[in-house]
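**Q** Provided below: work.txt, containing compact mmCIF, C-alpha atoms.
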# COMPACT_ATOMS: atom_id res chain seq x y z
CA MET A 182 0.00 0.00 0.00
CA ASN A 183 1.26 3.48 -0.85
CA ALA A 184 0.86 6.70 1.08
CA VAL A 185 -1.63 9.33 -0.03
CA PRO A 186 -2.55 12.20 2.29
CA SER A 187 -5.78 11.98 4.22
CA PRO A 188 -7.85 15.15 4.71
CA ALA A 189 -6.98 16.79 8.00
CA LEU A 190 -9.24 18.63 10.39
CA GLY A 191 -7.30 21.29 12.26
CA ARG A 192 -9.05 22.53 15.40
CA LEU A 193 -7.89 24.71 18.30
CA SER A 194 -10.45 24.60 21.09
CA ARG A 195 -11.58 27.50 23.29
CA ARG A 196 -10.20 25.65 26.31
CA SER A 197 -6.77 25.26 24.65
CA LEU A 198 -6.64 28.96 23.81
CA LEU A 199 -7.56 29.95 27.36
CA ALA A 200 -4.97 27.59 28.81
CA ALA A 201 -2.24 29.01 26.57
CA ALA A 202 -3.21 32.57 27.49
CA LEU A 203 -3.06 31.84 31.23
CA VAL A 204 0.37 30.22 31.01
CA ALA A 205 1.79 33.24 29.17
CA ALA A 206 0.00 35.86 31.30
CA PRO A 207 1.78 37.99 33.95
CA THR A 208 1.03 37.49 37.65
CA THR A 209 -1.23 40.53 37.83
CA LEU A 210 -4.02 40.47 35.26
CA ALA A 211 -6.42 43.12 34.14
CA ALA A 212 -10.09 42.30 33.88
CA PRO A 213 -10.36 39.11 31.76
CA THR A 214 -11.36 39.44 28.14
CA ALA A 215 -13.38 36.68 26.54
CA LEU A 216 -11.43 34.75 23.88
CA ALA A 217 -13.16 33.27 20.85
CA ALA A 218 -11.75 30.19 19.15
CA PRO A 219 -10.97 30.61 15.46
CA ALA A 220 -13.20 28.83 13.00
CA PRO A 221 -11.90 25.32 12.32
CA THR A 222 -10.10 24.67 9.07
CA LEU A 223 -11.59 21.74 7.21
CA THR A 224 -9.94 20.16 4.20
CA ARG A 225 -11.35 17.59 1.81
CA PRO A 226 -9.55 15.43 -0.75
CA LEU A 227 -9.55 15.69 -4.53
CA LEU A 228 -8.41 13.20 -7.14
CA LEU A 229 -7.05 14.45 -10.47
CA GLY A 230 -7.13 12.75 -13.86
CA THR A 231 -4.44 13.31 -16.50
CA TYR A 232 -2.68 11.81 -19.51
CA THR A 233 0.50 9.96 -18.59
CA SER A 234 1.48 9.62 -22.26
CA ALA A 235 1.11 13.35 -23.09
CA GLU A 236 3.99 15.80 -23.13
CA GLY A 237 4.03 17.45 -19.72
CA GLY A 238 1.45 14.98 -18.44
CA GLY A 239 1.23 13.34 -15.06
CA THR A 240 2.52 10.02 -13.75
CA GLY A 241 -0.77 8.64 -12.47
CA ILE A 242 -3.84 9.82 -10.55
CA GLY A 243 -2.98 13.06 -8.78
CA THR A 244 -4.13 13.83 -5.27
CA ALA A 245 -4.87 17.18 -3.63
CA ALA A 246 -6.88 18.72 -0.81
CA TYR A 247 -9.00 21.85 -0.70
CA ASP A 248 -9.97 24.15 2.13
CA THR A 249 -13.76 24.20 2.38
CA ALA A 250 -13.75 27.76 3.72
CA THR A 251 -11.34 29.44 1.30
CA GLY A 252 -11.27 27.08 -1.68
CA ALA A 253 -7.46 27.00 -1.56
CA ILE A 254 -6.07 23.78 -3.08
CA THR A 255 -2.82 22.06 -2.12
CA SER A 256 -1.26 19.19 -4.04
CA GLY A 257 -0.34 15.77 -2.71
CA PRO A 258 1.50 12.68 -3.98
CA VAL A 259 0.52 10.66 -7.03
CA ILE A 260 -1.24 7.29 -7.22
CA THR A 261 1.10 5.51 -9.60
CA GLY A 262 0.58 2.35 -11.65
CA VAL A 263 -2.39 3.81 -13.58
CA GLU A 264 -2.02 4.64 -17.29
CA ASN A 265 -3.72 7.66 -18.93
CA PRO A 266 -6.42 8.09 -16.23
CA SER A 267 -8.30 10.81 -18.12
CA TYR A 268 -11.62 10.18 -16.36
CA LEU A 269 -12.38 8.99 -12.82
CA ALA A 270 -15.46 7.64 -11.05
CA LEU A 271 -16.03 6.72 -7.41
CA HIS A 272 -17.80 3.61 -6.14
CA PRO A 273 -20.91 4.43 -4.02
CA SER A 274 -19.07 3.02 -0.99
CA GLY A 275 -16.29 5.57 -1.43
CA ALA A 276 -13.74 2.78 -1.05
CA THR A 277 -12.71 2.36 -4.70
CA VAL A 278 -12.00 4.73 -7.56
CA TYR A 279 -12.07 3.65 -11.21
CA ALA A 280 -10.07 5.17 -14.06
CA VAL A 281 -10.18 4.80 -17.82
CA ALA A 282 -6.94 4.15 -19.70
CA GLU A 283 -7.53 6.42 -22.69
CA GLN A 284 -5.32 4.71 -25.28
CA ASP A 285 -5.56 2.44 -28.32
CA ALA A 286 -5.88 -0.66 -26.16
CA GLY A 287 -8.62 0.73 -23.97
CA ALA A 288 -8.81 -0.40 -20.35
CA VAL A 289 -10.31 0.38 -16.96
CA THR A 290 -8.45 0.21 -13.65
CA ALA A 291 -9.70 -0.17 -10.06
CA VAL A 292 -7.85 1.45 -7.15
CA ALA A 293 -8.77 0.76 -3.50
CA LEU A 294 -8.69 3.83 -1.21
CA ALA A 295 -8.10 3.01 2.46
CA PRO A 296 -9.36 5.21 5.33
CA ASP A 297 -5.76 5.83 6.44
CA GLY A 298 -4.95 7.47 3.11
CA THR A 299 -3.14 4.55 1.52
CA TYR A 300 -4.12 2.94 -1.78
CA GLU A 301 -3.79 -0.29 -3.72
CA VAL A 302 -4.16 -0.82 -7.47
CA LEU A 303 -6.55 -3.78 -7.73
CA GLY A 304 -6.02 -4.51 -11.41
CA THR A 305 -6.91 -3.50 -14.95
CA ARG A 306 -9.38 -4.98 -17.46
CA PRO A 307 -9.62 -4.31 -21.22
CA THR A 308 -12.73 -2.48 -22.40
CA GLY A 309 -12.78 -4.26 -25.76
CA GLY A 310 -12.49 -0.92 -27.57
CA SER A 311 -10.11 1.98 -28.05
CA GLY A 312 -9.84 5.44 -26.55
CA PRO A 313 -12.24 5.18 -23.59
CA THR A 314 -13.10 8.70 -22.39
CA HIS A 315 -15.75 8.12 -19.73
CA LEU A 316 -16.88 5.63 -17.13
CA SER A 317 -19.45 5.50 -14.35
CA VAL A 318 -20.55 3.11 -11.62
CA HIS A 319 -24.10 1.80 -11.67
CA PRO A 320 -25.98 2.90 -8.49
CA SER A 321 -26.11 -0.73 -7.35
CA GLY A 322 -22.32 -0.67 -7.07
CA ARG A 323 -22.12 -3.97 -8.95
CA TRP A 324 -21.36 -2.79 -12.50
CA LEU A 325 -18.83 -0.48 -14.14
CA LEU A 326 -19.92 1.16 -17.40
CA SER A 327 -17.40 2.63 -19.86
CA ALA A 328 -17.52 4.45 -23.20
CA ASN A 329 -14.91 3.83 -25.92
CA TYR A 330 -14.69 7.04 -27.93
CA THR A 331 -12.44 5.96 -30.80
CA SER A 332 -14.21 2.69 -31.53
CA GLY A 333 -17.72 3.95 -30.69
CA SER A 334 -18.70 1.24 -28.22
CA VAL A 335 -19.81 0.85 -24.61
CA ALA A 336 -18.74 -1.87 -22.18
CA VAL A 337 -19.87 -3.42 -18.90
CA HIS A 338 -17.65 -4.97 -16.22
CA PRO A 339 -18.77 -6.64 -12.97
CA ILE A 340 -17.51 -5.22 -9.69
CA ALA A 341 -16.54 -7.67 -6.96
CA ALA A 342 -17.17 -7.17 -3.24
CA ASP A 343 -13.63 -5.85 -2.77
CA GLY A 344 -14.07 -3.32 -5.59
CA SER A 345 -11.98 -5.20 -8.14
CA LEU A 346 -13.21 -5.76 -11.70
CA GLY A 347 -14.17 -9.00 -13.39
CA GLU A 348 -14.07 -9.90 -17.07
CA ARG A 349 -16.23 -7.78 -19.36
CA THR A 350 -19.83 -9.01 -19.60
CA ASP A 351 -20.94 -6.94 -22.61
CA LEU A 352 -19.70 -4.74 -25.43
CA VAL A 353 -22.12 -2.85 -27.69
CA THR A 354 -20.93 -0.95 -30.78
CA HIS A 355 -23.03 1.90 -32.15
CA SER A 356 -23.39 0.62 -35.72
CA SER A 357 -26.33 2.89 -36.67
CA PRO A 358 -27.36 5.52 -37.57
CA PRO A 359 -24.59 6.51 -40.01
CA PRO A 360 -21.96 8.96 -38.75
CA GLY A 361 -22.86 12.64 -38.76
CA PRO A 362 -21.28 15.29 -41.00
CA GLY A 363 -17.49 15.26 -40.81
CA GLN A 364 -17.40 12.09 -38.69
CA ASN A 365 -15.63 8.87 -39.65
CA GLY A 366 -17.65 6.61 -37.38
CA PRO A 367 -19.37 6.37 -34.00
CA HIS A 368 -17.66 8.05 -31.03
CA ALA A 369 -19.19 7.07 -27.68
CA HIS A 370 -18.25 9.91 -25.36
CA GLN A 371 -20.20 9.16 -22.17
CA ILE A 372 -22.25 6.48 -20.43
CA VAL A 373 -24.36 7.25 -17.37
CA THR A 374 -27.28 5.78 -15.41
CA SER A 375 -30.53 7.74 -15.07
CA PRO A 376 -31.24 9.09 -11.55
CA ASP A 377 -33.92 6.46 -10.93
CA GLY A 378 -31.47 3.70 -11.83
CA GLY A 379 -33.79 2.23 -14.45
CA HIS A 380 -31.85 2.98 -17.62
CA VAL A 381 -28.34 3.52 -18.93
CA LEU A 382 -27.76 6.30 -21.47
CA ALA A 383 -24.81 6.51 -23.87
CA VAL A 384 -23.95 9.77 -25.64
CA ASP A 385 -22.34 9.33 -29.07
CA LEU A 386 -20.71 12.36 -30.67
CA GLY A 387 -20.07 10.57 -33.97
CA THR A 388 -23.66 9.52 -34.68
CA ASP A 389 -25.34 12.56 -33.06
CA THR A 390 -27.38 10.14 -30.95
CA VAL A 391 -28.11 9.32 -27.33
CA TYR A 392 -28.84 5.60 -26.89
CA THR A 393 -30.94 4.35 -23.97
CA TYR A 394 -30.31 0.84 -22.67
CA ARG A 395 -31.76 -1.37 -19.99
CA LEU A 396 -29.11 -3.11 -17.92
CA ASP A 397 -29.74 -6.73 -16.93
CA GLU A 398 -28.39 -6.58 -13.38
CA SER A 399 -28.00 -10.36 -13.23
CA ALA A 400 -26.10 -10.90 -16.48
CA GLY A 401 -24.50 -7.48 -16.92
CA THR A 402 -25.79 -7.04 -20.45
CA LEU A 403 -27.31 -4.03 -22.24
CA THR A 404 -30.49 -4.04 -24.33
CA GLU A 405 -31.33 -0.95 -26.37
CA VAL A 406 -34.82 0.42 -25.67
CA SER A 407 -34.72 3.88 -27.25
CA ARG A 408 -32.55 6.39 -29.06
CA ALA A 409 -32.69 10.18 -29.34
CA ALA A 410 -31.51 11.93 -32.50
CA LEU A 411 -29.73 15.26 -32.15
CA ALA A 412 -29.25 17.80 -34.94
CA PRO A 413 -26.88 16.48 -37.62
CA GLY A 414 -23.36 17.67 -36.88
CA SER A 415 -24.19 18.84 -33.36
CA GLY A 416 -21.72 16.45 -31.73
CA PRO A 417 -23.40 15.64 -28.38
CA ARG A 418 -20.67 15.15 -25.79
CA HIS A 419 -21.92 15.08 -22.22
CA LEU A 420 -25.36 14.57 -20.61
CA THR A 421 -26.24 15.85 -17.13
CA PHE A 422 -29.51 15.09 -15.35
CA HIS A 423 -31.52 17.55 -13.29
CA PRO A 424 -32.01 16.24 -9.70
CA GLY A 425 -35.73 15.87 -10.41
CA GLY A 426 -34.95 13.10 -12.87
CA ARG A 427 -37.28 14.25 -15.66
CA SER A 428 -34.97 16.67 -17.46
CA ALA A 429 -31.42 16.44 -18.71
CA TYR A 430 -28.99 18.82 -20.39
CA LEU A 431 -26.65 18.06 -23.28
CA ALA A 432 -23.45 19.89 -24.13
CA CYS A 433 -23.06 19.67 -27.92
CA GLU A 434 -19.43 20.15 -28.84
CA LEU A 435 -19.57 20.76 -32.59
CA ASP A 436 -22.47 23.19 -33.06
CA ASN A 437 -21.77 25.05 -29.80
CA THR A 438 -25.17 24.54 -28.19
CA THR A 439 -26.79 23.40 -24.99
CA VAL A 440 -29.87 21.20 -25.42
CA VAL A 441 -32.58 20.72 -22.79
CA CYS A 442 -34.11 17.24 -22.98
CA ALA A 443 -37.26 15.79 -21.45
CA TYR A 444 -36.78 12.34 -19.92
CA ASP A 445 -39.42 9.67 -19.27
CA PRO A 446 -38.19 7.35 -16.49
CA ASP A 447 -40.73 4.65 -17.36
CA SER A 448 -39.71 4.16 -21.00
CA GLY A 449 -36.22 5.62 -20.89
CA THR A 450 -37.12 7.94 -23.76
CA LEU A 451 -35.07 11.11 -24.07
CA THR A 452 -36.67 13.94 -26.09
CA PRO A 453 -34.25 16.73 -27.08
CA GLY A 454 -35.39 20.32 -27.49
CA ALA A 455 -33.85 23.00 -29.68
CA GLY A 456 -30.22 23.96 -29.20
CA GLN A 457 -29.63 27.18 -27.30
CA SER A 458 -26.75 29.58 -26.74
CA THR A 459 -23.73 28.74 -24.63
CA GLY A 460 -22.99 32.43 -24.19
CA SER A 461 -19.96 32.20 -26.46
CA GLU A 462 -19.33 32.41 -30.19
CA THR A 463 -16.16 30.28 -30.20
CA GLY A 464 -17.66 27.24 -28.56
CA TYR A 465 -16.36 23.74 -27.89
CA PRO A 466 -18.58 23.26 -24.82
CA ALA A 467 -17.38 20.33 -22.74
CA GLN A 468 -19.63 19.52 -19.81
CA LEU A 469 -22.51 20.74 -17.64
CA VAL A 470 -23.02 20.35 -13.90
CA VAL A 471 -26.20 21.13 -11.94
CA THR A 472 -26.36 22.28 -8.33
CA GLY A 473 -27.77 19.83 -5.82
CA GLY A 474 -30.93 21.90 -5.35
CA GLY A 475 -31.40 22.06 -9.10
CA SER A 476 -31.47 25.87 -9.29
CA TYR A 477 -28.38 26.54 -11.43
CA ALA A 478 -26.38 24.84 -14.16
CA TYR A 479 -22.81 25.56 -15.24
CA LEU A 480 -21.15 24.82 -18.57
CA ALA A 481 -17.42 24.60 -19.37
CA ASN A 482 -16.55 26.31 -22.67
CA ARG A 483 -13.11 25.31 -23.93
CA GLY A 484 -12.88 27.72 -26.88
CA PRO A 485 -13.28 31.00 -24.94
CA ASN A 486 -12.03 29.48 -21.66
CA SER A 487 -15.20 30.47 -19.86
CA LEU A 488 -17.89 29.12 -17.57
CA THR A 489 -21.55 29.77 -18.42
CA ARG A 490 -24.16 30.15 -15.67
CA TYR A 491 -27.77 29.17 -16.39
CA ALA A 492 -30.84 29.58 -14.20
CA VAL A 493 -32.85 26.36 -14.12
CA GLU A 494 -36.56 27.08 -14.56
CA ASP A 495 -39.89 25.27 -14.95
CA GLY A 496 -38.86 22.51 -12.57
CA GLY A 497 -35.85 21.66 -14.68
CA ALA A 498 -37.53 21.88 -18.08
CA ALA A 499 -35.83 25.14 -19.11
CA LEU A 500 -32.47 26.87 -18.89
CA ARG A 501 -32.04 30.65 -18.98
CA LEU A 502 -28.59 32.00 -19.75
CA LEU A 503 -27.40 34.42 -17.08
CA ASP A 504 -23.73 35.19 -17.73
CA THR A 505 -20.25 33.84 -18.38
CA VAL A 506 -17.06 34.27 -16.36
CA PRO A 507 -13.41 33.43 -17.14
CA ALA A 508 -12.47 29.87 -16.20
CA GLY A 509 -9.12 31.03 -14.87
CA GLY A 510 -7.26 28.55 -17.09
CA ASP A 511 -6.86 27.31 -20.64
CA TRP A 512 -9.25 24.69 -22.11
CA PRO A 513 -11.56 23.84 -19.17
CA ARG A 514 -12.20 20.16 -19.87
CA GLN A 515 -14.30 19.07 -16.91
CA LEU A 516 -16.22 20.61 -14.00
CA ALA A 517 -17.08 19.23 -10.56
CA LEU A 518 -19.02 20.50 -7.55
CA SER A 519 -17.83 20.03 -3.98
CA PRO A 520 -20.02 17.60 -2.01
CA ASP A 521 -21.55 20.47 0.00
CA GLY A 522 -22.29 22.44 -3.17
CA SER A 523 -20.36 25.54 -2.09
CA LEU A 524 -17.50 25.27 -4.60
CA LEU A 525 -17.09 24.62 -8.31
CA PHE A 526 -13.83 23.20 -9.68
CA ALA A 527 -12.54 23.34 -13.26
CA ALA A 528 -9.81 21.10 -14.71
CA ASN A 529 -7.95 23.17 -17.31
CA GLN A 530 -6.15 20.85 -19.72
CA ARG A 531 -3.86 23.18 -21.68
CA SER A 532 -2.77 25.39 -18.78
CA SER A 533 -2.29 22.33 -16.53
CA THR A 534 -4.21 23.93 -13.68
CA VAL A 535 -7.25 23.39 -11.47
CA THR A 536 -9.27 26.46 -10.54
CA ALA A 537 -11.88 26.84 -7.80
CA PHE A 538 -14.91 29.15 -7.55
CA ARG A 539 -17.14 30.04 -4.63
CA ILE A 540 -20.86 29.66 -5.47
CA ALA A 541 -23.01 32.48 -4.07
CA PRO A 542 -26.69 32.01 -3.13
CA ASP A 543 -27.65 33.56 -6.49
CA GLY A 544 -25.43 31.04 -8.29
CA SER A 545 -22.79 33.59 -9.26
CA LEU A 546 -19.16 32.46 -9.30
CA THR A 547 -16.19 34.13 -7.58
CA PRO A 548 -12.60 32.79 -7.91
CA ALA A 549 -11.44 31.11 -4.71
CA GLY A 550 -7.74 30.68 -3.99
CA ASP A 551 -4.94 30.44 -6.52
CA PRO A 552 -4.95 27.97 -9.45
CA LEU A 553 -3.37 24.64 -8.56
CA PRO A 554 -0.62 23.47 -10.94
CA ALA A 555 -1.69 19.99 -12.12
CA PRO A 556 -0.07 18.27 -15.14
CA VAL A 557 -2.51 18.19 -18.09
CA ALA A 558 -5.52 18.34 -15.75
CA VAL A 559 -8.50 16.79 -17.55
CA CYS A 560 -10.64 15.47 -14.68
CA ILE A 561 -11.24 16.41 -11.07
CA LEU A 562 -13.09 14.25 -8.54
CA PRO A 563 -13.93 15.73 -5.10
CA LEU A 564 -14.34 13.17 -2.34
CA ALA A 565 -16.65 13.52 0.64
In structure tokens, what does this structure look like?
**A**
Amino acid sequence: MNAVPSPALGRLSRRSLLAAALVAAPTTLAAPTALAAPAPTLTRPLLLGTYTSAEGGGTGIGTAAYDTATGAITSGPVITGVENPSYLALHPSGATVYAVAEQDAGAVTAVALAPDGTYEVLGTRPTGGSGPTHLSVHPSGRWLLSANYTSGSVAVHPIAADGSLGERTDLVTHSSPPPGPGQNGPHAHQIVTSPDGGHVLAVDLGTDTVYTYRLDESAGTLTEVSRAALAPGSGPRHLTFHPGGRSAYLACELDNTTVVCAYDPDSGTLTPGAGQSTGSETGYPAQLVVTGGGSYAYLANRGPNSLTRYAVEDGGAALRLLDTVPAGGDWPRQLALSPDGSLLFAANQRSSTVTAFRIAPDGSLTPAGDPLPAPVAVCILPLA
């Protein structure tokens, strides 16, 4: 097992302060003045995804910690033995993290995280495709889902009781519809389970389609039940559900739009609306996140290096563009919210930094702390 820092809780109690003051005080004291203990400093851990094969890239999964009060981020050691971990996902137990190996021979790796801050690489399994860019854990905790971008396929692996991965149980290639304008084939960019756990949705940039599957939780196999067609050439990249479970938002990379979709949990049908503005003319939107209360949504725009703020309206069925702010780095690839919803983090690939923002009650963003240097930062995963 290898050492990785655990989050520390630094506290100085009122009693300790009073005791220290009395020891240092002269024999004759003036009237006592009440002493107030400083607010405790609470830090929480972050995991950072990178490319180990890229120039200037990392050497594994990075670790860091952030101050929940100030947003300041400090770096820690690296979890080594993991190749090209460009996307990370946590098991519901919090005991295991999974990483894609984004390379020609696509793979997924499981890493056990111990309470004392140590870790153990549990092993790697091939995805059966190339260039995996996304993975997620089914809410049951028994299945790992991954999306192979280059080969346009999605895979399923069983998860054992200790968090390790078994042999792949399914591989589905998106063979239809034909690729969209300018595309040479399917490009599965994301795979995620609906909030109710009833369906699995795969976003394919190459075919301009979102596929809905039902997962057989006994066999670990996928059966297609529906598909949603996006505008030709839109390049859907990343789907994010509203907490209410009946709306979802798509970041479309190629036509620079955000699409609000209606979702039917019973049938798994996703119904896209019209594309709307990202607040930028230069585009390349990457990913949306939605606040836990469902009031605001944020979009990472790689072209202008900005973050777009939307107000969520009509119970999740509409987005209203409010403003954009600088991302504080170059090419914001992925966003993440702190578990308490007070901070937003951006992983900036080309500047090799992670930036943090304080979220105000009105959803506005204010930079928090200095950017953290992080080699080719492409994913950030806050831990509770």
**Q** Separation of CA of Ala328 in chain A and CA of Pro313 in chain A, in Å?
**A**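 Going from CA of Ala328 in chain A over to CA of Pro313 in chain A covers 5.3 Å.
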**Q** Residues of range 474-496 of chain A within 10 Å of range 515-536 of chain A: nearest atom pair and distance (Å, one decimal) for each, counting only C-alpha atoms, sorted by chain and number, as a Markdown table?
**A**
| residue | atom | partner | partner_atom | distance |
| --- | --- | --- | --- | --- |
| A:Gly474 | CA | A:Gly522 | CA | 8.9 |
| A:Tyr479 | CA | A:Leu516 | CA | 8.3 |
| A:Leu480 | CA | A:Leu516 | CA | 7.9 |
| A:Ala481 | CA | A:Leu516 | CA | 6.8 |
| A:Asn482 | CA | A:Gln515 | CA | 9.5 |
| A:Arg483 | CA | A:Asn529 | CA | 8.7 |
| A:Asn486 | CA | A:Asn529 | CA | 8.7 |
| A:Leu488 | CA | A:Ala527 | CA | 9.0 |
**Q** With distances taken over only C-alpha atoms, which residue among A:Gly544, A:Gly344, A:Ser334, A:Val381 lies nearest Pro367 in chain A?
**A**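 The closest residue to Pro367 in chain A is A:Ser334.
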**Q** May I ask for the distance between CA of Ile254 in chain A and CA of Leu564 in chain A, given in Å to one decimal place?
**A**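 Value for the CA of Ile254 in chain A-CA of Leu564 in chain A distance: 13.5 Å.
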**Q** Nearest to Thr331 in chain A among A:Arg490, A:Arg501, A:His423, A:His368, with distances taken over only C-alpha atoms: which residue is it?
**A**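 Of the candidates, the smallest distance to Thr331 in chain A is held by A:His368.
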**Q** I'd like the contact shell of Ala429 in chain A - 9 Å cut-off, only C-alpha atoms, skipping same-chain residues fewer than 5 positions apart - returned as a list in words.
**A**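 After dropping sequence-adjacent residues, the list is Leu420, Thr421, Phe422, His423, Val440, Val441, Cys442, Ala443, Tyr444, Leu451, Pro453, Gly497 and Ala498 of chain A.
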**Q** Once you have the residues from the selection above, write them out as a JSON list (two decimals), keeping the file's coordinate frame, restricted to C-alpha atoms.
**A**
[["chain", "number", "residue", "atom", "x", "y", "z"],
["A", 420, "LEU", "CA", -25.36, 14.57, -20.61],
["A", 421, "THR", "CA", -26.24, 15.85, -17.13],
["A", 422, "PHE", "CA", -29.51, 15.09, -15.35],
["A", 423, "HIS", "CA", -31.52, 17.55, -13.29],
["A", 440, "VAL", "CA", -29.87, 21.20, -25.42],
["A", 441, "VAL", "CA", -32.58, 20.72, -22.79],
["A", 442, "CYS", "CA", -34.11, 17.24, -22.98],
["A", 443, "ALA", "CA", -37.26, 15.79, -21.45],
["A", 444, "TYR", "CA", -36.78, 12.34, -19.92],
["A", 451, "LEU", "CA", -35.07, 11.11, -24.07],
["A", 453, "PRO", "CA", -34.25, 16.73, -27.08],
["A", 497, "GLY", "CA", -35.85, 21.66, -14.68],
["A", 498, "ALA", "CA", -37.53, 21.88, -18.08]]
**Q** Quick one: of A:Gly298, A:Pro424, A:Gly312, A:Gly238, who's nearest to Ala369 in chain A, counting all atoms listed in the file?
**A** A:Gly312
**Q** What does the distance from CA of Leu386 in chain A to CA of Gly425 in chain A come to in Å, to one decimal?
**A**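 CA of Gly425 in chain A lies 25.5 Å from CA of Leu386 in chain A.
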**Q** May I have the residues within 7 Å of Ala432 in chain A as a list of chain:residue names, using only C-alpha atoms and disregarding those fewer than 4 positions away in the same chain?
**A**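 The contact residues come out as A:Pro417, A:Arg418, A:His419, A:Leu420, A:Thr438, A:Thr439, A:Val440, A:Pro466, A:Ala467, A:Gln468, A:Leu469.
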**Q** Rank A:Leu435, A:Val471, A:Ala288, A:Ala400 by their smallest atom-to-atom distance to Gly414 in chain A, using all atoms listed in the file, and report the top residue only.
**A** A:Leu435
**Q** Which residue out of A:Gly473, A:Pro296, A:Pro413, A:Pro552 has the minimum interatomic distance to Asp511 in chain A when all atoms listed in the file are used?
**A**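 Checking each candidate against Asp511 in chain A, we get A:Pro552 as the closest.
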**Q** Please list as a PDB file with C-alpha atoms, in the coordinates of the input every residue within 10 Å of Leu411 in chain A, counting only C-alpha atoms and excluding residues in the same chain fewer than 3 positions away.
**A**
ATOM      1  CA  GLY A 361     -22.860  12.640 -38.760  1.00  0.00           C
ATOM      2  CA  ASP A 385     -22.340   9.330 -29.070  1.00  0.00           C
ATOM      3  CA  LEU A 386     -20.710  12.360 -30.670  1.00  0.00           C
ATOM      4  CA  THR A 388     -23.660   9.520 -34.680  1.00  0.00           C
ATOM      5  CA  ASP A 389     -25.340  12.560 -33.060  1.00  0.00           C
ATOM      6  CA  THR A 390     -27.380  10.140 -30.950  1.00  0.00           C
ATOM      7  CA  VAL A 391     -28.110   9.320 -27.330  1.00  0.00           C
ATOM      8  CA  ARG A 408     -32.550   6.390 -29.060  1.00  0.00           C
ATOM      9  CA  GLY A 414     -23.360  17.670 -36.880  1.00  0.00           C
ATOM     10  CA  SER A 415     -24.190  18.840 -33.360  1.00  0.00           C
ATOM     11  CA  GLY A 416     -21.720  16.450 -31.730  1.00  0.00           C
ATOM     12  CA  PRO A 417     -23.400  15.640 -28.380  1.00  0.00           C
ATOM     13  CA  LEU A 431     -26.650  18.060 -23.280  1.00  0.00           C
ATOM     14  CA  CYS A 433     -23.060  19.670 -27.920  1.00  0.00           C
ATOM     15  CA  VAL A 440     -29.870  21.200 -25.420  1.00  0.00           C
ATOM     16  CA  THR A 452     -36.670  13.940 -26.090  1.00  0.00           C
ATOM     17  CA  PRO A 453     -34.250  16.730 -27.080  1.00  0.00           C
ATOM     18  CA  GLY A 454     -35.390  20.320 -27.490  1.00  0.00           C
ATOM     19  CA  ALA A 455     -33.850  23.000 -29.680  1.00  0.00           C
ATOM     20  CA  GLY A 456     -30.220  23.960 -29.200  1.00  0.00           C
TER      21      GLY A 456
END
**Q** Check the smallest atom-to-atom distance from each of A:Val493, A:Val559, A:Ala410, A:Leu503 to Gly460 in chain A using all atoms listed in the file, then report the winner.
**A**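 Between A:Val493, A:Val559, A:Ala410, A:Leu503, the residue approaching Gly460 in chain A most closely is A:Leu503.
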**Q** Identify, on the basis of all atoms listed in the file, every residue whose closest approach to Ala282 in chain A does not exceed 8 Å; exclude the query and any residue fewer than 5 positions from it along the same chain; express the result as a PyMOL selection string.
**A** chain A and resi 263-267+287-290+312-313
**Q** For Ser256 in chain A, list every protein, DNA or RNA residue within 10 Å, evaluated using all atoms listed in the file, and leave out those in the same chain fewer than 5 positions away; present the list as a list in words.
**A**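 Skipping anything fewer than 5 positions along the chain leaves Pro186, Pro226, Leu227, Leu228, Leu229, Gly243, Thr244, Ala245, Ala246, Tyr247, Leu553, Pro554 and Ala555 of chain A.
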**Q** Take the selection from the previous step and output its residues with C-alpha atoms, as a short mmCIF file (atom, residue, chain, number, x, y, z; two decimals), keeping the file's coordinate frame.
**A**
data_model
loop_
_atom_site.label_atom_id
_atom_site.label_comp_id
_atom_site.auth_asym_id
_atom_site.auth_seq_id
_atom_site.Cartn_x
_atom_site.Cartn_y
_atom_site.Cartn_z
CA PRO A 186 -2.55 12.20 2.29
CA PRO A 226 -9.55 15.43 -0.75
CA LEU A 227 -9.55 15.69 -4.53
CA LEU A 228 -8.41 13.20 -7.14
CA LEU A 229 -7.05 14.45 -10.47
CA GLY A 243 -2.98 13.06 -8.78
CA THR A 244 -4.13 13.83 -5.27
CA ALA A 245 -4.87 17.18 -3.63
CA ALA A 246 -6.88 18.72 -0.81
CA TYR A 247 -9.00 21.85 -0.70
CA LEU A 553 -3.37 24.64 -8.56
CA PRO A 554 -0.62 23.47 -10.94
CA ALA A 555 -1.69 19.99 -12.12
#
**Q** Find the residues with any atom within 8 Å of (-5.0, -3.5, -22.1); use all atoms listed in the file and the coordinates as given in the file, and write the answer as a list in words.
**A**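 Those residues lying close to the given coordinates are Ala286, Gly287, Ala288, Thr305, Arg306, Pro307 and Thr308 of chain A.
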